[in-house]
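Undergrad: Sharing upload-v3.cif (mmCIF, N, CA and C atoms) below.
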data_coords
#
loop_
_atom_site.label_atom_id
_atom_site.label_comp_id
_atom_site.auth_asym_id
_atom_site.auth_seq_id
_atom_site.Cartn_x
_atom_site.Cartn_y
_atom_site.Cartn_z
N MET M 19 0.83 -1.18 0.00
CA MET M 19 0.00 0.00 0.00
C MET M 19 0.88 1.25 0.00
N ILE M 20 1.91 1.26 0.83
CA ILE M 20 2.79 2.42 0.88
C ILE M 20 3.52 2.58 -0.44
N SER M 21 4.01 1.49 -1.01
CA SER M 21 4.73 1.57 -2.28
C SER M 21 3.82 2.09 -3.37
N PHE M 22 2.56 1.68 -3.34
CA PHE M 22 1.61 2.13 -4.34
C PHE M 22 1.40 3.64 -4.24
N MET M 23 1.29 4.14 -3.02
CA MET M 23 1.06 5.57 -2.83
C MET M 23 2.30 6.40 -3.17
N GLY M 24 3.48 5.90 -2.83
CA GLY M 24 4.69 6.69 -3.04
C GLY M 24 5.37 6.46 -4.37
N GLY M 25 5.07 5.37 -5.06
CA GLY M 25 5.75 5.03 -6.29
C GLY M 25 5.57 6.02 -7.42
N LYS M 26 4.46 6.72 -7.43
CA LYS M 26 4.21 7.68 -8.51
C LYS M 26 5.17 8.85 -8.46
N HIS M 27 5.81 9.06 -7.34
CA HIS M 27 6.72 10.19 -7.20
C HIS M 27 8.12 9.90 -7.72
N ARG M 28 8.38 8.67 -8.09
CA ARG M 28 9.68 8.36 -8.70
C ARG M 28 9.86 9.09 -10.02
N GLY M 29 8.76 9.43 -10.66
CA GLY M 29 8.81 10.15 -11.92
C GLY M 29 9.38 11.56 -11.80
N PHE M 30 9.47 12.05 -10.58
CA PHE M 30 10.06 13.38 -10.38
C PHE M 30 11.55 13.38 -10.70
N PHE M 31 12.18 12.22 -10.56
CA PHE M 31 13.62 12.10 -10.83
C PHE M 31 13.81 11.33 -12.14
N LYS M 32 13.73 12.03 -13.24
CA LYS M 32 13.86 11.40 -14.56
C LYS M 32 15.33 11.16 -14.88
N LYS M 33 15.58 10.04 -15.53
CA LYS M 33 16.94 9.62 -15.85
C LYS M 33 17.69 10.68 -16.67
N GLU M 34 17.01 11.25 -17.65
CA GLU M 34 17.65 12.23 -18.52
C GLU M 34 18.06 13.48 -17.74
N GLU M 35 17.16 13.93 -16.85
CA GLU M 35 17.48 15.11 -16.05
C GLU M 35 18.61 14.83 -15.07
N LEU M 36 18.64 13.62 -14.52
CA LEU M 36 19.74 13.26 -13.62
C LEU M 36 21.07 13.30 -14.38
N LYS M 37 21.07 12.76 -15.60
CA LYS M 37 22.30 12.77 -16.40
C LYS M 37 22.72 14.21 -16.72
N GLU M 38 21.75 15.04 -17.02
CA GLU M 38 22.04 16.42 -17.39
C GLU M 38 22.59 17.23 -16.21
N LYS M 39 21.97 17.11 -15.05
CA LYS M 39 22.33 17.96 -13.92
C LYS M 39 23.47 17.39 -13.06
N PHE M 40 23.72 16.09 -13.20
CA PHE M 40 24.74 15.47 -12.35
C PHE M 40 25.74 14.66 -13.17
N SER M 41 26.11 15.15 -14.35
CA SER M 41 27.00 14.39 -15.24
C SER M 41 28.37 14.16 -14.60
N GLU M 42 28.88 15.13 -13.87
CA GLU M 42 30.20 14.95 -13.23
C GLU M 42 30.16 13.85 -12.18
N GLU M 43 29.10 13.84 -11.37
CA GLU M 43 28.98 12.82 -10.33
C GLU M 43 28.76 11.44 -10.94
N ILE M 44 27.99 11.38 -12.02
CA ILE M 44 27.71 10.10 -12.68
C ILE M 44 28.99 9.53 -13.29
N ASP M 45 29.84 10.40 -13.83
CA ASP M 45 31.10 9.93 -14.41
C ASP M 45 32.01 9.29 -13.37
N LYS M 46 31.82 9.62 -12.10
CA LYS M 46 32.62 9.03 -11.03
C LYS M 46 32.11 7.66 -10.58
N LEU M 47 30.87 7.31 -11.00
CA LEU M 47 30.30 6.01 -10.63
C LEU M 47 31.04 4.90 -11.36
N PRO M 48 31.08 3.69 -10.79
CA PRO M 48 31.81 2.58 -11.43
C PRO M 48 31.33 2.27 -12.85
N GLY M 49 30.02 2.22 -13.07
CA GLY M 49 29.51 1.91 -14.41
C GLY M 49 29.24 3.13 -15.26
N LYS M 50 29.37 4.30 -14.68
CA LYS M 50 29.13 5.59 -15.35
C LYS M 50 27.73 5.67 -15.97
N TYR M 51 26.72 5.20 -15.22
CA TYR M 51 25.34 5.30 -15.66
C TYR M 51 24.44 5.55 -14.46
N VAL M 52 23.25 6.05 -14.73
CA VAL M 52 22.27 6.29 -13.67
C VAL M 52 21.59 4.95 -13.36
N PRO M 53 21.64 4.49 -12.13
CA PRO M 53 20.98 3.23 -11.78
C PRO M 53 19.47 3.28 -12.05
N GLN M 54 18.90 2.16 -12.40
CA GLN M 54 17.48 2.06 -12.73
C GLN M 54 16.61 2.03 -11.47
N GLY M 55 15.48 2.71 -11.51
CA GLY M 55 14.48 2.65 -10.43
C GLY M 55 14.85 3.49 -9.23
N GLY M 56 13.86 3.67 -8.39
CA GLY M 56 14.09 4.39 -7.16
C GLY M 56 14.22 5.88 -7.35
N TYR M 57 14.75 6.52 -6.34
CA TYR M 57 15.01 7.94 -6.37
C TYR M 57 16.27 8.19 -5.57
N PRO M 58 17.03 9.21 -5.92
CA PRO M 58 18.38 9.38 -5.36
C PRO M 58 18.44 9.86 -3.92
N ASP M 59 17.45 10.59 -3.43
CA ASP M 59 17.46 10.99 -2.03
C ASP M 59 16.02 11.03 -1.51
N CYS M 60 15.87 11.32 -0.26
CA CYS M 60 14.54 11.28 0.38
C CYS M 60 13.83 12.62 0.37
N GLY M 61 14.19 13.50 -0.51
CA GLY M 61 13.47 14.74 -0.67
C GLY M 61 14.12 15.96 -0.05
N ASN M 62 15.18 15.78 0.72
CA ASN M 62 15.83 16.92 1.36
C ASN M 62 17.31 17.00 1.03
N GLY M 63 17.73 16.30 0.02
CA GLY M 63 19.14 16.29 -0.34
C GLY M 63 19.45 17.12 -1.57
N LEU M 64 20.66 16.94 -2.06
CA LEU M 64 21.16 17.70 -3.20
C LEU M 64 20.32 17.47 -4.46
N HIS M 65 19.93 16.23 -4.70
CA HIS M 65 19.15 15.93 -5.90
C HIS M 65 17.80 16.64 -5.88
N ALA M 66 17.14 16.60 -4.76
CA ALA M 66 15.83 17.26 -4.65
C ALA M 66 15.96 18.77 -4.80
N GLN M 67 17.02 19.34 -4.26
CA GLN M 67 17.21 20.79 -4.37
C GLN M 67 17.38 21.22 -5.82
N LYS M 68 18.09 20.41 -6.60
CA LYS M 68 18.37 20.79 -7.99
C LYS M 68 17.25 20.40 -8.95
N MET M 69 16.45 19.40 -8.61
CA MET M 69 15.53 18.85 -9.59
C MET M 69 14.05 19.12 -9.34
N LEU M 70 13.66 19.39 -8.10
CA LEU M 70 12.24 19.51 -7.79
C LEU M 70 11.84 20.96 -7.58
N ASP M 71 10.69 21.32 -8.16
CA ASP M 71 10.12 22.61 -7.80
C ASP M 71 9.39 22.45 -6.47
N TYR M 72 8.85 23.52 -5.93
CA TYR M 72 8.26 23.46 -4.59
C TYR M 72 7.08 22.49 -4.53
N GLY M 73 6.22 22.50 -5.54
CA GLY M 73 5.05 21.61 -5.55
C GLY M 73 5.46 20.14 -5.56
N GLN M 74 6.44 19.80 -6.39
CA GLN M 74 6.93 18.42 -6.43
C GLN M 74 7.59 18.04 -5.11
N TRP M 75 8.38 18.94 -4.58
CA TRP M 75 9.05 18.68 -3.30
C TRP M 75 8.02 18.44 -2.19
N TYR M 76 6.97 19.24 -2.16
CA TYR M 76 5.93 19.11 -1.14
C TYR M 76 5.24 17.76 -1.24
N LYS M 77 4.82 17.38 -2.45
CA LYS M 77 4.15 16.09 -2.66
C LYS M 77 5.08 14.93 -2.32
N PHE M 78 6.32 15.04 -2.73
CA PHE M 78 7.30 13.98 -2.47
C PHE M 78 7.51 13.81 -0.97
N ASN M 79 7.62 14.91 -0.24
CA ASN M 79 7.82 14.83 1.20
C ASN M 79 6.58 14.33 1.92
N LEU M 80 5.40 14.62 1.44
CA LEU M 80 4.20 14.04 2.03
C LEU M 80 4.22 12.52 1.88
N ALA M 81 4.63 12.04 0.71
CA ALA M 81 4.73 10.60 0.49
C ALA M 81 5.79 9.98 1.40
N GLN M 82 6.91 10.66 1.57
CA GLN M 82 7.97 10.17 2.45
C GLN M 82 7.48 10.10 3.90
N ARG M 83 6.78 11.13 4.33
CA ARG M 83 6.29 11.15 5.71
C ARG M 83 5.22 10.08 5.92
N ASN M 84 4.40 9.83 4.91
CA ASN M 84 3.43 8.74 4.99
C ASN M 84 4.14 7.41 5.19
N ALA M 85 5.15 7.17 4.39
CA ALA M 85 5.88 5.90 4.47
C ALA M 85 6.57 5.75 5.82
N LYS M 86 7.19 6.80 6.30
CA LYS M 86 7.90 6.72 7.58
C LYS M 86 6.93 6.56 8.74
N ASN M 87 5.78 7.20 8.66
CA ASN M 87 4.77 7.04 9.70
C ASN M 87 4.30 5.59 9.75
N TYR M 88 4.12 5.00 8.60
CA TYR M 88 3.69 3.60 8.52
C TYR M 88 4.76 2.68 9.11
N MET M 89 6.02 2.93 8.77
CA MET M 89 7.10 2.07 9.26
C MET M 89 7.31 2.19 10.77
N GLU M 90 6.92 3.33 11.35
CA GLU M 90 7.05 3.50 12.79
C GLU M 90 6.19 2.53 13.57
N VAL M 91 5.04 2.18 13.03
CA VAL M 91 4.09 1.38 13.81
C VAL M 91 3.89 -0.04 13.31
N ILE M 92 4.38 -0.36 12.13
CA ILE M 92 4.04 -1.66 11.54
C ILE M 92 4.60 -2.84 12.35
N THR M 93 5.80 -2.72 12.89
CA THR M 93 6.38 -3.84 13.65
C THR M 93 5.58 -4.10 14.92
N MET M 94 5.27 -3.05 15.64
CA MET M 94 4.51 -3.18 16.88
C MET M 94 3.11 -3.75 16.59
N PHE M 95 2.47 -3.26 15.57
CA PHE M 95 1.11 -3.71 15.24
C PHE M 95 1.13 -5.16 14.75
N THR M 96 2.12 -5.51 13.96
CA THR M 96 2.21 -6.89 13.46
C THR M 96 2.43 -7.86 14.62
N PHE M 97 3.29 -7.49 15.57
CA PHE M 97 3.51 -8.34 16.74
C PHE M 97 2.22 -8.51 17.54
N ALA M 98 1.49 -7.42 17.75
CA ALA M 98 0.22 -7.50 18.48
C ALA M 98 -0.76 -8.41 17.75
N LEU M 99 -0.84 -8.28 16.43
CA LEU M 99 -1.75 -9.14 15.66
C LEU M 99 -1.32 -10.60 15.71
N LEU M 100 -0.02 -10.85 15.70
CA LEU M 100 0.46 -12.23 15.79
C LEU M 100 0.03 -12.86 17.11
N VAL M 101 0.23 -12.17 18.21
CA VAL M 101 -0.18 -12.69 19.51
C VAL M 101 -1.69 -12.86 19.57
N LEU M 102 -2.42 -11.87 19.09
CA LEU M 102 -3.88 -11.96 19.11
C LEU M 102 -4.40 -13.10 18.22
N THR M 103 -3.74 -13.35 17.12
CA THR M 103 -4.17 -14.41 16.22
C THR M 103 -4.11 -15.77 16.92
N VAL M 104 -3.11 -15.98 17.74
CA VAL M 104 -2.97 -17.24 18.45
C VAL M 104 -4.02 -17.37 19.54
N VAL M 105 -4.26 -16.28 20.27
CA VAL M 105 -5.11 -16.34 21.45
C VAL M 105 -6.57 -15.96 21.15
N ASN M 106 -6.76 -14.92 20.37
CA ASN M 106 -8.10 -14.40 20.11
C ASN M 106 -8.21 -14.00 18.64
N PRO M 107 -8.42 -14.96 17.74
CA PRO M 107 -8.36 -14.66 16.31
C PRO M 107 -9.41 -13.67 15.81
N MET M 108 -10.60 -13.67 16.40
CA MET M 108 -11.63 -12.74 15.92
C MET M 108 -11.27 -11.29 16.25
N LEU M 109 -10.69 -11.06 17.41
CA LEU M 109 -10.24 -9.72 17.75
C LEU M 109 -9.09 -9.29 16.83
N ALA M 110 -8.23 -10.24 16.49
CA ALA M 110 -7.13 -9.94 15.57
C ALA M 110 -7.66 -9.53 14.20
N VAL M 111 -8.66 -10.24 13.71
CA VAL M 111 -9.26 -9.88 12.42
C VAL M 111 -9.90 -8.50 12.50
N GLY M 112 -10.61 -8.24 13.57
CA GLY M 112 -11.24 -6.93 13.74
C GLY M 112 -10.24 -5.80 13.77
N CYS M 113 -9.17 -5.97 14.56
CA CYS M 113 -8.14 -4.92 14.62
C CYS M 113 -7.43 -4.76 13.28
N GLY M 114 -7.21 -5.86 12.59
CA GLY M 114 -6.56 -5.79 11.27
C GLY M 114 -7.40 -5.07 10.25
N VAL M 115 -8.70 -5.33 10.24
CA VAL M 115 -9.59 -4.66 9.28
C VAL M 115 -9.70 -3.17 9.61
N VAL M 116 -9.84 -2.84 10.89
CA VAL M 116 -9.91 -1.43 11.27
C VAL M 116 -8.62 -0.72 10.87
N ASN M 117 -7.48 -1.38 11.09
CA ASN M 117 -6.20 -0.77 10.71
C ASN M 117 -6.11 -0.57 9.20
N LEU M 118 -6.52 -1.56 8.44
CA LEU M 118 -6.47 -1.46 6.98
C LEU M 118 -7.32 -0.30 6.48
N VAL M 119 -8.54 -0.19 6.97
CA VAL M 119 -9.44 0.88 6.52
C VAL M 119 -8.92 2.25 6.96
N CYS M 120 -8.53 2.35 8.23
CA CYS M 120 -8.06 3.65 8.75
C CYS M 120 -6.72 4.05 8.13
N ARG M 121 -5.83 3.10 7.94
CA ARG M 121 -4.53 3.42 7.36
C ARG M 121 -4.69 3.89 5.92
N THR M 122 -5.56 3.23 5.17
CA THR M 122 -5.80 3.65 3.79
C THR M 122 -6.40 5.05 3.74
N GLY M 123 -7.39 5.30 4.60
CA GLY M 123 -7.98 6.63 4.66
C GLY M 123 -6.97 7.69 5.07
N TYR M 124 -6.12 7.33 6.03
CA TYR M 124 -5.08 8.25 6.49
C TYR M 124 -4.12 8.60 5.36
N LEU M 125 -3.70 7.60 4.61
CA LEU M 125 -2.76 7.84 3.50
C LEU M 125 -3.37 8.73 2.44
N VAL M 126 -4.61 8.46 2.09
CA VAL M 126 -5.27 9.26 1.06
C VAL M 126 -5.45 10.70 1.53
N CYS M 127 -5.93 10.86 2.75
CA CYS M 127 -6.15 12.21 3.29
C CYS M 127 -4.84 12.96 3.48
N TYR M 128 -3.85 12.29 4.04
CA TYR M 128 -2.57 12.96 4.31
C TYR M 128 -1.87 13.34 3.01
N SER M 129 -2.08 12.57 1.96
CA SER M 129 -1.48 12.90 0.66
C SER M 129 -2.06 14.19 0.10
N ARG M 130 -3.27 14.52 0.50
CA ARG M 130 -3.88 15.77 0.04
C ARG M 130 -3.46 16.95 0.90
N SER M 131 -3.47 16.76 2.22
CA SER M 131 -3.11 17.83 3.13
C SER M 131 -2.82 17.24 4.51
N PRO M 132 -1.75 17.65 5.17
CA PRO M 132 -1.46 17.12 6.51
C PRO M 132 -2.57 17.39 7.52
N GLN M 133 -3.34 18.46 7.34
CA GLN M 133 -4.41 18.77 8.28
C GLN M 133 -5.55 17.74 8.22
N LEU M 134 -5.67 17.03 7.12
CA LEU M 134 -6.75 16.06 6.96
C LEU M 134 -6.50 14.75 7.71
N ARG M 135 -5.32 14.59 8.27
CA ARG M 135 -5.01 13.35 8.98
C ARG M 135 -5.86 13.18 10.24
N VAL M 136 -6.44 14.27 10.73
CA VAL M 136 -7.23 14.20 11.96
C VAL M 136 -8.48 13.33 11.80
N TYR M 137 -8.88 13.03 10.58
CA TYR M 137 -10.06 12.21 10.38
C TYR M 137 -9.80 10.73 10.68
N PHE M 138 -8.56 10.27 10.52
CA PHE M 138 -8.28 8.86 10.72
C PHE M 138 -7.25 8.57 11.81
N ALA M 139 -6.40 9.52 12.13
CA ALA M 139 -5.34 9.28 13.12
C ALA M 139 -5.87 8.86 14.49
N PRO M 140 -6.92 9.47 15.02
CA PRO M 140 -7.40 9.03 16.33
C PRO M 140 -7.87 7.57 16.34
N PHE M 141 -8.52 7.14 15.26
CA PHE M 141 -8.99 5.76 15.19
C PHE M 141 -7.83 4.78 15.09
N MET M 142 -6.79 5.17 14.36
CA MET M 142 -5.60 4.31 14.27
C MET M 142 -4.92 4.20 15.63
N THR M 143 -4.84 5.30 16.36
CA THR M 143 -4.21 5.28 17.67
C THR M 143 -5.00 4.42 18.65
N ILE M 144 -6.31 4.60 18.68
CA ILE M 144 -7.15 3.78 19.56
C ILE M 144 -7.03 2.31 19.18
N ASN M 145 -7.06 2.01 17.88
CA ASN M 145 -6.94 0.63 17.43
C ASN M 145 -5.60 0.02 17.83
N MET M 146 -4.54 0.80 17.74
CA MET M 146 -3.22 0.32 18.15
C MET M 146 -3.20 -0.02 19.63
N PHE M 147 -3.75 0.85 20.46
CA PHE M 147 -3.80 0.58 21.90
C PHE M 147 -4.66 -0.64 22.21
N VAL M 148 -5.79 -0.77 21.55
CA VAL M 148 -6.64 -1.95 21.76
C VAL M 148 -5.88 -3.21 21.39
N ALA M 149 -5.22 -3.21 20.25
CA ALA M 149 -4.47 -4.40 19.82
C ALA M 149 -3.32 -4.72 20.78
N LEU M 150 -2.56 -3.70 21.17
CA LEU M 150 -1.42 -3.95 22.06
C LEU M 150 -1.85 -4.42 23.45
N PHE M 151 -2.80 -3.72 24.05
CA PHE M 151 -3.22 -4.11 25.40
C PHE M 151 -3.96 -5.44 25.39
N SER M 152 -4.73 -5.71 24.35
CA SER M 152 -5.39 -7.01 24.24
C SER M 152 -4.36 -8.12 24.07
N ALA M 153 -3.33 -7.86 23.28
CA ALA M 153 -2.27 -8.86 23.09
C ALA M 153 -1.52 -9.11 24.39
N LEU M 154 -1.19 -8.05 25.11
CA LEU M 154 -0.50 -8.21 26.40
C LEU M 154 -1.37 -8.96 27.41
N TYR M 155 -2.64 -8.59 27.50
CA TYR M 155 -3.55 -9.26 28.43
C TYR M 155 -3.74 -10.72 28.03
N SER M 156 -3.92 -10.97 26.74
CA SER M 156 -4.09 -12.34 26.25
C SER M 156 -2.86 -13.19 26.53
N ALA M 157 -1.69 -12.63 26.30
CA ALA M 157 -0.46 -13.37 26.56
C ALA M 157 -0.31 -13.65 28.06
N TYR M 158 -0.65 -12.67 28.89
CA TYR M 158 -0.56 -12.86 30.34
C TYR M 158 -1.54 -13.94 30.80
N SER M 159 -2.79 -13.87 30.35
CA SER M 159 -3.78 -14.86 30.78
C SER M 159 -3.46 -16.24 30.23
N TRP M 160 -2.92 -16.29 29.03
CA TRP M 160 -2.53 -17.57 28.44
C TRP M 160 -1.37 -18.16 29.23
N HIS M 161 -0.42 -17.33 29.59
CA HIS M 161 0.74 -17.80 30.36
C HIS M 161 0.34 -18.25 31.77
N SER M 162 -0.62 -17.57 32.37
CA SER M 162 -1.02 -17.94 33.74
C SER M 162 -1.77 -19.27 33.76
N GLN M 163 -2.24 -19.75 32.64
CA GLN M 163 -2.95 -21.02 32.59
C GLN M 163 -1.99 -22.19 32.34
N LEU M 164 -0.73 -21.92 32.11
CA LEU M 164 0.23 -23.00 31.89
C LEU M 164 0.44 -23.77 33.19
N PRO M 165 0.69 -25.08 33.11
CA PRO M 165 0.78 -25.90 34.34
C PRO M 165 2.02 -25.65 35.19
N PHE M 166 3.03 -25.03 34.71
CA PHE M 166 4.24 -24.85 35.54
C PHE M 166 4.42 -23.46 36.02
#
Spit out the file's structure as structure tokens when you get a sec.

TA:
Amino acid sequence: MISFMGGKHRGFFKKEELKEKFSEEIDKLPGKYVPQGGYPDCGNGLHAQKMLDYGQWYKFNLAQRNAKNYMEVITMFTFALLVLTVVNPMLAVGCGVVNLVCRTGYLVCYSRSPQLRVYFAPFMTINMFVALFSALYSAYSWHSQLPF
């Protein structure tokens, strides 16, 4: 989902423009060519300064912030879902569906304007706490039922 939202911004860094504006740096590379795919920096480096106008830079940084926001919570949420799946699968499905819907809405809204994130961010935060505390409680109660 994140790749789908951010992938369209790779077009901001066109191969021809990279060759034109950074020919000296490219000549220092081992193969002396612009590598295929991706983008050269995360929106705040030398390449972005030389190649992006303000509108492109703004959109690119919104996509970067979306991706980084997602990566901040995915490990914790995945762990909570894993524990819940073992102990309480229906709650895990519910938390997963709520996360999918809210995360998608958050990405779409945040891509338009950072102020629009308020429509989905509270629900994602509440869902994260429900998943984490339910996972911790489930793990504790499951552990307390062990015979040793």

Undergrad: Write out as a PyMOL selection string the residues lying within 8 Å of region 158-166 of chain M, counting all atoms listed in the file and excluding same-chain residues fewer than 5 positions away.

TA: chain M and resi 105+152-153

Undergrad: How many Å separate CA of Cys120 (chain M) from CA of Phe78 (chain M)?

TA: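 Interatomic distance here is 21.6 Å.
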
Undergrad: Taking the file as I've supplied it (selection: the PyMOL selection byres ((chain M and resi 137-150) around 7)), which residues are included? Please answer as an MDAnalysis selection string.

TA: chainID M and resid 95 98:99 113 116:117 120:121 123:124 133:136 151:155

Undergrad: I'd like the interatomic distance between atom N of Arg83 (chain M) and CA of Glu43 (chain M), to a tenth of an Å.

TA: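 A separation of 26.7 Å between them.
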
Undergrad: For Asn84 (chain M), which of M:Leu47, M:Met69, M:Gly112, M:Tyr128 is the closest residue, counting all atoms listed in the file?

TA: M:Tyr128

Undergrad: In Å, how far is it from atom C of Leu70 (chain M) to atom N of Arg130 (chain M)?

TA: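 Calculated distance between atom C of Leu70 (chain M) and atom N of Arg130 (chain M) is 18.3 Å.
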